[in-house]
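The block underneath contains the structure these notes are about, expressed in structure tokens.
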Amino acid sequence: MSIVETTEQQQETKKRLYDYQLNDLNRIFDVFDNAPDNYNLLYQLPTGGGKTVVFSEIVRRYIKKHDKKVVILTHRIELCKQTSKMLTGFDVKNKIINSKVKELPDQDQYKCFVAMVETLNNRLNDEKLNLEDIGLVIIDEAHYNSFRKLFKFFDNCFILGVTATPLSSNIKLPMKDNYKQLIVGDNIATLIKNGFLANAELYNYDVALSTLKVGINGDYTVKSSEALYTNSLMQSKLLHAYEEMSKGKKTLIFNNGINTSKEVFYSFSRAGYNVRHLDNTCSKQERKEILKWFKNTPDGVLTSVSILTTGFDEPSVESVILNRATRSLTLYFQMIGRGSRVLNDKSSFLVLDLGNNAVRFGPWDQSTDWQHIFKNPDMYLENLRLDEDIERDFVYVLPDLIKQRFKGVKMTEFDIKAEYNKVIQEGLKSMAAIERSIEHHSEMCITSSEDIFEARELAKLLQDDIAYRIKKYSYCIMNSTQNYKDWLFEEYNRKLRLSFNGKF
């Protein structure tokens, strides 16, 4: 590519594309220029990186250079509309092929078509449509497998798949079977560093997932997830996490199951919070009204079921709560990505993880070897950490916001396992370790309080720390039955409250 050509392209696109997007675009066109006409290429860019912007510019340039038509495939009607609007912004005249479009008598008037997978598949199978002179097919959210059924209709076209996570949604149908090559864009950490994405401040909550079952699609079943996350203990943990970290912030809560989301709605409503519930049974009008409410409500809490993982952009989100566990790397990135859009002076957002997801997959902004995952998806999935190991190895750290409430306390950490070994060596009963732990928590509360009422309020902030210490102690004495831990948790809190008497 000549310097003059590069300069012209930058002038054409400088108002719309950033340098990293232009760089990716040029790499993609290098493949266009050197690969066969029927080559299948995959392009990865993180959620929020502007994939739609990049492929809209690709469409504009491709049509100008090759004078052939382009088809863009999406799996949701909302994505169709967003894509069509973006293309129009790039001066690409396009037509949406939705359920209302039965035939295309006017196809000569367009160089680009945006279509739903199922709709186009039905029309092509019924031979109702005959798309002519197609040279390029772009597949948005390419990790979904519904697109594969359409490949046979575009045997002689260049296919460009676009995704944030080049890992198939079906473990039995790896993406490497359909794409010859992967181009990887800037990673999340780089986009954060350069100010294109907000930074996620992530807090893990200790959750026992032993009751969850894995379904045939490789992820946890809705039934087992609902049984865990609708119970009163988990609902209380969620509400406590919100009040502790996200209260007053615009918050998005992701659940696995409609019943769970509705239960969250009831719990937050009873507690007096501004909350709405959204799932795929809501009508188009209800969805529109709820999202408008969320956009205009600074302290709004929106609880939902996966429906907002794609095709939803609300940069004003300040807090994302993962009230579910998932074994899907794609879903993990998509959920957190909903809070990553930058807006005005927003440079960070909260992520509260109640599903051990960050421990399972690693931090959201860590470097991911997408080339290795693309080529070896089985190896990646087989090496995901087991929930039993995650739970046993979990280390709870008091969040900074809670530590700030314990002014004047030098040591907020307490190693219950080390204390257990110590009391055994001293010839004492193992319960002495728990007594010393209670003393430590008592001193933290008393040192930081003016009166007994404030001490009791501070004790409420220590519930996750107490549960964590009890779990570690249970491992030490090899008694980790839930009944025993529940009893010890109640007894611990009772003794902690009593310890404040006469100290003020």
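Residues are referred to by chain and number: the chain letter is A, B, ... according to the order shown in the structure tokens, the number counts from 1 in that chain, and ligands are numbered separately from 1 in the order shown.
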
message = I'd like the neighbourhood of Thr211 of chain A as number ranges by chain, where a residue qualifies if any of its atoms comes within 10 Å (using only C-alpha atoms), though same-chain residues fewer than 5 positions away should be ignored.
response = A: 224-225, 227-228

Store the residues of this selection in a file with C-alpha atoms, as a PDB file, in the first residue's frame.
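The result, written out as out-v3.pdb:
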ATOM      1  CA  SER A 224     -29.290 -25.818  39.324  1.00  0.00           C
ATOM      2  CA  SER A 225     -28.371 -22.110  39.160  1.00  0.00           C
ATOM      3  CA  ALA A 227     -31.905 -23.476  43.062  1.00  0.00           C
ATOM      4  CA  LEU A 228     -28.740 -21.843  44.415  1.00  0.00           C
TER       5      LEU A 228
END

*asked:* List as a PyMOL selection string the protein and nucleic acid residues near Pro36 of chain A, meaning an atom at most 12 Å away when only C-alpha atoms are counted, but skip any in the same chain fewer than 3 places from it.
replied: chain A and resi 30-33+39-41+135-136+155-159+180

Can you list every residue of segment 97-159 of chain A that has an atom at most 10 Å from segment 45-55 of chain A, with its nearest atom pair and the distance in Å to one decimal, using only C-alpha atoms, ordered by chain then number, as JSON lines?
{"residue": "A:Ile138", "atom": "CA", "partner": "A:Phe55", "partner_atom": "CA", "distance": 7.8}
{"residue": "A:Ile139", "atom": "CA", "partner": "A:Phe55", "partner_atom": "CA", "distance": 9.8}
{"residue": "A:Asp140", "atom": "CA", "partner": "A:Thr52", "partner_atom": "CA", "distance": 8.2}
{"residue": "A:Glu141", "atom": "CA", "partner": "A:Lys51", "partner_atom": "CA", "distance": 9.7}

May I ask which of the residues A:Arg436, A:Arg341, A:Arg392, A:Lys429 is the closest one to Asn356 of chain A, counting only C-alpha atoms?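 Using only C-alpha atoms, the shortest distance to Asn356 of chain A belongs to A:Arg392.
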
From a DSSP pass on the backbone, collect the residues of segment 145-298 of chain A flagged as strand (DSSP E or B) and hand them back as a PDB file with N, CA and C atoms, in the first residue's frame.
ATOM      1  N   PHE A 158     -15.833 -14.227   0.238  1.00  0.00           N
ATOM      2  CA  PHE A 158     -14.905 -14.016   1.347  1.00  0.00           C
ATOM      3  C   PHE A 158     -15.756 -13.846   2.604  1.00  0.00           C
ATOM      4  N   ILE A 159     -15.488 -14.653   3.628  1.00  0.00           N
ATOM      5  CA  ILE A 159     -16.262 -14.563   4.872  1.00  0.00           C
ATOM      6  C   ILE A 159     -15.381 -14.000   5.982  1.00  0.00           C
ATOM      7  N   LEU A 160     -15.864 -12.916   6.602  1.00  0.00           N
ATOM      8  CA  LEU A 160     -15.164 -12.289   7.725  1.00  0.00           C
ATOM      9  C   LEU A 160     -16.009 -12.438   8.984  1.00  0.00           C
ATOM     10  N   GLY A 161     -15.552 -13.247   9.910  1.00  0.00           N
ATOM     11  CA  GLY A 161     -16.219 -13.380  11.202  1.00  0.00           C
ATOM     12  C   GLY A 161     -15.649 -12.363  12.180  1.00  0.00           C
ATOM     13  N   VAL A 162     -16.506 -11.744  12.982  1.00  0.00           N
ATOM     14  CA  VAL A 162     -16.073 -10.723  13.945  1.00  0.00           C
ATOM     15  C   VAL A 162     -16.578 -11.115  15.328  1.00  0.00           C
ATOM     16  N   THR A 163     -15.691 -11.099  16.312  1.00  0.00           N
ATOM     17  CA  THR A 163     -16.086 -11.505  17.667  1.00  0.00           C
ATOM     18  C   THR A 163     -15.127 -10.922  18.704  1.00  0.00           C
ATOM     19  N   GLN A 181      -7.939 -18.443   9.568  1.00  0.00           N
ATOM     20  CA  GLN A 181      -6.959 -17.552  10.194  1.00  0.00           C
ATOM     21  C   GLN A 181      -7.646 -16.618  11.177  1.00  0.00           C
ATOM     22  N   LEU A 182      -6.901 -16.216  12.204  1.00  0.00           N
ATOM     23  CA  LEU A 182      -7.414 -15.270  13.208  1.00  0.00           C
ATOM     24  C   LEU A 182      -6.517 -14.040  13.265  1.00  0.00           C
ATOM     25  N   ILE A 183      -7.134 -12.871  13.165  1.00  0.00           N
ATOM     26  CA  ILE A 183      -6.430 -11.601  13.395  1.00  0.00           C
ATOM     27  C   ILE A 183      -6.877 -11.062  14.746  1.00  0.00           C
ATOM     28  N   VAL A 184      -5.916 -10.792  15.626  1.00  0.00           N
ATOM     29  CA  VAL A 184      -6.220 -10.335  16.993  1.00  0.00           C
ATOM     30  C   VAL A 184      -5.948  -8.841  17.112  1.00  0.00           C
ATOM     31  N   LEU A 197     -11.304   2.235  26.951  1.00  0.00           N
ATOM     32  CA  LEU A 197     -12.189   1.455  27.824  1.00  0.00           C
ATOM     33  C   LEU A 197     -11.969   1.874  29.273  1.00  0.00           C
ATOM     34  N   ASN A 199     -11.642   1.042  33.330  1.00  0.00           N
ATOM     35  CA  ASN A 199     -10.989  -0.020  34.091  1.00  0.00           C
ATOM     36  C   ASN A 199     -11.969  -0.684  35.065  1.00  0.00           C
ATOM     37  N   ALA A 200     -11.949  -2.005  35.130  1.00  0.00           N
ATOM     38  CA  ALA A 200     -12.849  -2.740  36.028  1.00  0.00           C
ATOM     39  C   ALA A 200     -12.197  -2.938  37.393  1.00  0.00           C
ATOM     40  N   GLU A 201     -12.853  -2.428  38.435  1.00  0.00           N
ATOM     41  CA  GLU A 201     -12.407  -2.683  39.810  1.00  0.00           C
ATOM     42  C   GLU A 201     -13.203  -3.875  40.319  1.00  0.00           C
ATOM     43  N   LEU A 202     -12.559  -5.029  40.348  1.00  0.00           N
ATOM     44  CA  LEU A 202     -13.277  -6.288  40.565  1.00  0.00           C
ATOM     45  C   LEU A 202     -13.165  -6.781  42.002  1.00  0.00           C
ATOM     46  N   TYR A 203     -14.309  -7.194  42.559  1.00  0.00           N
ATOM     47  CA  TYR A 203     -14.353  -7.746  43.917  1.00  0.00           C
ATOM     48  C   TYR A 203     -15.007  -9.126  43.873  1.00  0.00           C
ATOM     49  N   ASN A 204     -14.298 -10.098  44.429  1.00  0.00           N
ATOM     50  CA  ASN A 204     -14.807 -11.475  44.468  1.00  0.00           C
ATOM     51  C   ASN A 204     -15.531 -11.735  45.784  1.00  0.00           C
ATOM     52  N   VAL A 214     -23.449 -29.066  35.362  1.00  0.00           N
ATOM     53  CA  VAL A 214     -23.051 -28.638  34.020  1.00  0.00           C
ATOM     54  C   VAL A 214     -23.920 -29.351  32.989  1.00  0.00           C
ATOM     55  N   TYR A 220     -23.295 -24.110  33.220  1.00  0.00           N
ATOM     56  CA  TYR A 220     -24.166 -24.512  34.334  1.00  0.00           C
ATOM     57  C   TYR A 220     -25.627 -24.437  33.919  1.00  0.00           C
ATOM     58  N   THR A 251     -26.594   0.315  38.344  1.00  0.00           N
ATOM     59  CA  THR A 251     -26.110  -1.067  38.469  1.00  0.00           C
ATOM     60  C   THR A 251     -26.858  -2.028  37.564  1.00  0.00           C
ATOM     61  N   LEU A 252     -26.096  -2.890  36.912  1.00  0.00           N
ATOM     62  CA  LEU A 252     -26.628  -3.936  36.048  1.00  0.00           C
ATOM     63  C   LEU A 252     -26.344  -5.284  36.705  1.00  0.00           C
ATOM     64  N   ILE A 253     -27.392  -6.094  36.916  1.00  0.00           N
ATOM     65  CA  ILE A 253     -27.228  -7.400  37.562  1.00  0.00           C
ATOM     66  C   ILE A 253     -27.553  -8.499  36.551  1.00  0.00           C
ATOM     67  N   PHE A 254     -26.600  -9.418  36.355  1.00  0.00           N
ATOM     68  CA  PHE A 254     -26.792 -10.549  35.438  1.00  0.00           C
ATOM     69  C   PHE A 254     -27.114 -11.821  36.228  1.00  0.00           C
ATOM     70  N   VAL A 275     -35.526  -0.356  41.269  1.00  0.00           N
ATOM     71  CA  VAL A 275     -35.127  -1.551  40.520  1.00  0.00           C
ATOM     72  C   VAL A 275     -36.176  -1.954  39.482  1.00  0.00           C
ATOM     73  N   ARG A 276     -35.710  -2.482  38.356  1.00  0.00           N
ATOM     74  CA  ARG A 276     -36.587  -3.053  37.341  1.00  0.00           C
ATOM     75  C   ARG A 276     -36.024  -4.400  36.900  1.00  0.00           C
ATOM     76  N   HIS A 277     -36.905  -5.236  36.343  1.00  0.00           N
ATOM     77  CA  HIS A 277     -36.510  -6.564  35.864  1.00  0.00           C
ATOM     78  C   HIS A 277     -36.771  -6.662  34.363  1.00  0.00           C
ATOM     79  N   LEU A 278     -35.836  -7.306  33.632  1.00  0.00           N
ATOM     80  CA  LEU A 278     -35.974  -7.443  32.189  1.00  0.00           C
ATOM     81  C   LEU A 278     -35.553  -8.851  31.746  1.00  0.00           C
TER      82      LEU A 278
END

Residue neighbourhood segment 367-384 of chain A, 10 Å, only C-alpha atoms, exclusion window fewer than 3 positions, as an NGL selection string | :A and (42 or 44 or 164-168 or 171-177 or 179 or 181-184 or 187-190 or 218 or 327-329 or 359-364 or 387)

Surrounding residues of Cys112 of chain A excluding itself and chain neighbours under 4 positions, 6 Å, only C-alpha atoms, as a PyMOL selection string: chain A and resi 69-71+94

Please indicate the distance in Å from atom CA of Lys249 of chain A to atom CA of Asp299 of chain A, rounded to one decimal place.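 Atom CA of Asp299 of chain A lies at a distance of 5.0 Å from atom CA of Lys249 of chain A.
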